[in-house]
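This report refers to the structure that appears directly beneath it.
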Amino acid sequence: MLGLTPAQTVGPYLSIGLPWSDGPLVVPETDPDAFWVRGVLRDGAGEPVPDGLIETWQADPDGCFAHPDDPRGRHTSFRGFGRCPTADAGDWAIRTRKPGRVPDREGVLQAPHIDVSVFARGLLNRVVTRIYFADEAEANDADPLLATVPEHRRRTLLAEPTGGGYQFDIRLRGEHETVFFAL
Amino acid sequence: MAEPLVVPSGYRRDDGTVHPPLDYAGYRSTALRAPSEPLILLPHNLTELTGPLLGEGRVSSSSADLSVQPGGEALGQRIIVHGRVLDENARPVPHTLIEVWQANAAGRYLHRVDRHDAPIDPNFTGVGRVLTDDQGNYRLVTIKPGAYPWGNHPNAWRPAHIHFSLFGRAFTQRLVTQMYFPDDPLFAYDPIFNSVRDERARRRMVSHFDMDATVDSWALAFRFDIVLRGRDATPMEQP
Ligand SMILES: [Fe+2]
């Protein structure tokens, strides 16, 4: 077995190398069913993080992935990937559609979710969280991963509906710290 | 309930000896940014086993050569950086996007936040992109970046490095790291390099001088192989 290459921080200058002009567009801007997921990235003092990067990965609206390892073999051209650097006020946004429900290994349907990576100066490795949707209460109640999260912290994983989209703030540390996962 | 899916096997989990701890006192910025709560286990299901395969269209014929801009050639020591991207099971990772960014030869980034008193090079942006080929090989041309001061502690200098970002083939494989150069005297003083606690793991971030890949009268060469996570068992053959 080969030894893994260790992670290192993106540092303060990730905006030189990582942003794409179409990064925030998981779906084309013209998609009539698209909405913005917006959020603010904050640190342990509650201050905005202006030099971070948010990346998202999700299924298409039917719960399928544009990837050969999706064993259901249905073809989708859905990009599924979003990337947005945080601005001076820590704010970021991606334009997407709600993912369909994806079954787990036992065939249990997970609630609609988006996997999220957060990169920033001061993070020696990415941290990983998931966006769930507050208006999917029934599906969320049956979600096998949410069930493993202490109840009082689940709210940190819920994107709240706003006018025409959702709000998903990320708190790296401290009060109302977002739940992060070991991947 | 739906039929159980034949989901491919998951990826091997870090035993805690390879990646740096998120909370590392030597690197001051971790204090306010590293999560304080324990991480919760995320099983590897389809969302984690898949990932963006976005190579084509993100690279161009010139994006793998950082040493030349439309206005002219960058100053500094021209180098070739090449290697292979593999997984832990020694399988090549083909057609995966590698994104790099770095300081110029004087140790200055082309970034509004970088106030280091070192010259900007008008012919160096410090951004590159390349795809691995079907055997996981990649090759970049650039100039050797300079060391730079960073204010983490008195007289703090980063060893020369190139930032590398890789997607791999799955969300689990995503990796951002830094490539270092052999025998840098600043290694001993750099908390970011030393945040990787295992010495053998640290060495895997250091490129090797590669005489065979140098080009006579043109460029030196360094080899940097990158290993992403591998599956923890051989996946079932699909019918
Ligand atoms: Fe750097």
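Identifiers in the structure tokens: chain A, B, ... in order shown; residue index from 1 per chain; ligand index from 1 in order shown.
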If we count only C-alpha atoms, which residues of chain B reach to within 7 Å of chain A? Please list them as a PyMOL selection string.
chain B and resi 1-8+18-20+22+29-30+32-36+39-42+45-47+50-52+88-90+99-101+111+127+172+175-178+201+204-205+226-229
Set the cut-off to 7 Å, count only C-alpha atoms and all ligand atoms, and list whatever residues fall near ligand 1 as a PyMOL selection string.
(chain A and resi 11+13) or (chain B and resi 102-103+161-163)
With only C-alpha atoms as the counted atoms, please give the residues lying no more than 10 Å from B:Asp212, apart from itself and same-chain residues fewer than 5 positions off, as a PDB file with all heavy atoms, in the first residue's frame.
ATOM      1  N   LEU B 220      15.571  22.840 -15.055  1.00  0.00           N
ATOM      2  CA  LEU B 220      15.745  21.773 -14.062  1.00  0.00           C
ATOM      3  C   LEU B 220      14.413  21.055 -13.894  1.00  0.00           C
ATOM      4  O   LEU B 220      13.390  21.507 -14.396  1.00  0.00           O
ATOM      5  CB  LEU B 220      16.195  22.359 -12.723  1.00  0.00           C
ATOM      6  CG  LEU B 220      17.571  23.040 -12.728  1.00  0.00           C
ATOM      7  CD1 LEU B 220      17.870  23.595 -11.329  1.00  0.00           C
ATOM      8  CD2 LEU B 220      18.658  22.055 -13.159  1.00  0.00           C
ATOM      9  N   ALA B 221      14.430  19.934 -13.177  1.00  0.00           N
ATOM     10  CA  ALA B 221      13.187  19.180 -13.035  1.00  0.00           C
ATOM     11  C   ALA B 221      13.040  18.593 -11.638  1.00  0.00           C
ATOM     12  O   ALA B 221      14.030  18.192 -11.004  1.00  0.00           O
ATOM     13  CB  ALA B 221      13.119  18.060 -14.073  1.00  0.00           C
ATOM     14  N   PHE B 222      11.809  18.585 -11.165  1.00  0.00           N
ATOM     15  CA  PHE B 222      11.478  17.990  -9.871  1.00  0.00           C
ATOM     16  C   PHE B 222      10.296  17.040 -10.066  1.00  0.00           C
ATOM     17  O   PHE B 222       9.381  17.334 -10.825  1.00  0.00           O
ATOM     18  CB  PHE B 222      11.111  19.077  -8.850  1.00  0.00           C
ATOM     19  CG  PHE B 222      12.277  19.953  -8.505  1.00  0.00           C
ATOM     20  CD1 PHE B 222      12.581  21.064  -9.279  1.00  0.00           C
ATOM     21  CD2 PHE B 222      13.113  19.621  -7.446  1.00  0.00           C
ATOM     22  CE1 PHE B 222      13.679  21.859  -8.982  1.00  0.00           C
ATOM     23  CE2 PHE B 222      14.217  20.413  -7.131  1.00  0.00           C
ATOM     24  CZ  PHE B 222      14.508  21.535  -7.904  1.00  0.00           C
TER      25      PHE B 222
END
DSSP on the backbone, then: every residue of stretch 168-206 of chain B marked helix (DSSP H, G or I), written as a PyMOL selection string.
chain B and resi 171-173+187-189+191-194+199-203
Take the residues just selected and output them with C-alpha atoms as an mmCIF file, in the first residue's frame.
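Contents of again36.cif, freshly written:
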data_model
loop_
_atom_site.group_PDB
_atom_site.id
_atom_site.type_symbol
_atom_site.label_atom_id
_atom_site.label_comp_id
_atom_site.auth_asym_id
_atom_site.auth_seq_id
_atom_site.Cartn_x
_atom_site.Cartn_y
_atom_site.Cartn_z
ATOM 1 C CA PHE B 171 -15.675 13.427 -3.096
ATOM 2 C CA THR B 172 -13.635 11.361 -0.606
ATOM 3 C CA GLN B 173 -10.450 11.776 -2.666
ATOM 4 C CA PHE B 187 11.586 23.003 7.068
ATOM 5 C CA ALA B 188 12.661 22.892 10.696
ATOM 6 C CA TYR B 189 11.053 26.279 11.407
ATOM 7 C CA PRO B 191 4.668 25.052 11.572
ATOM 8 C CA ILE B 192 2.573 24.324 8.478
ATOM 9 C CA PHE B 193 5.054 21.743 7.183
ATOM 10 C CA ASN B 194 5.470 20.331 10.692
ATOM 11 C CA GLU B 199 8.151 12.304 9.504
ATOM 12 C CA ARG B 200 7.599 9.815 6.688
ATOM 13 C CA ALA B 201 4.329 11.522 5.809
ATOM 14 C CA ARG B 202 6.077 14.910 5.788
ATOM 15 C CA ARG B 203 8.658 13.580 3.356
#
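Closest to A:Ile170 among A:Phe35, A:Trp92, A:Phe133, A:Phe78 is A:Trp92, based on only C-alpha atoms.
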Hey, can you check how far atom CA of B:Ala170 sits from atom CA of B:Thr142?
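Separating atom CA of B:Ala170 from atom CA of B:Thr142 is a distance of 28.2 Å.
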State, in Å with one decimal place, the distance from atom CA of B:Arg91 to atom CA of B:Arg129.
21.9 Å
Given the choices B:Phe167, B:Trp157, B:Phe181, B:Phe124, which gets closest to B:His95 if the distance is worked out from only C-alpha atoms?
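Distance minimum relative to B:His95 lands on B:Phe167.
If you look at atom CA of B:Ile98 and atom CA of A:Gly23, they are 15.8 Å away from each other.
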Close residues, A:Asp22 itself excluded, 12 Å, only C-alpha atoms, min 2 positions apart in chain, as a PyMOL selection string
(chain A and resi 18-20+24-29+79+81-85+93-95) or (chain B and resi 57-58)
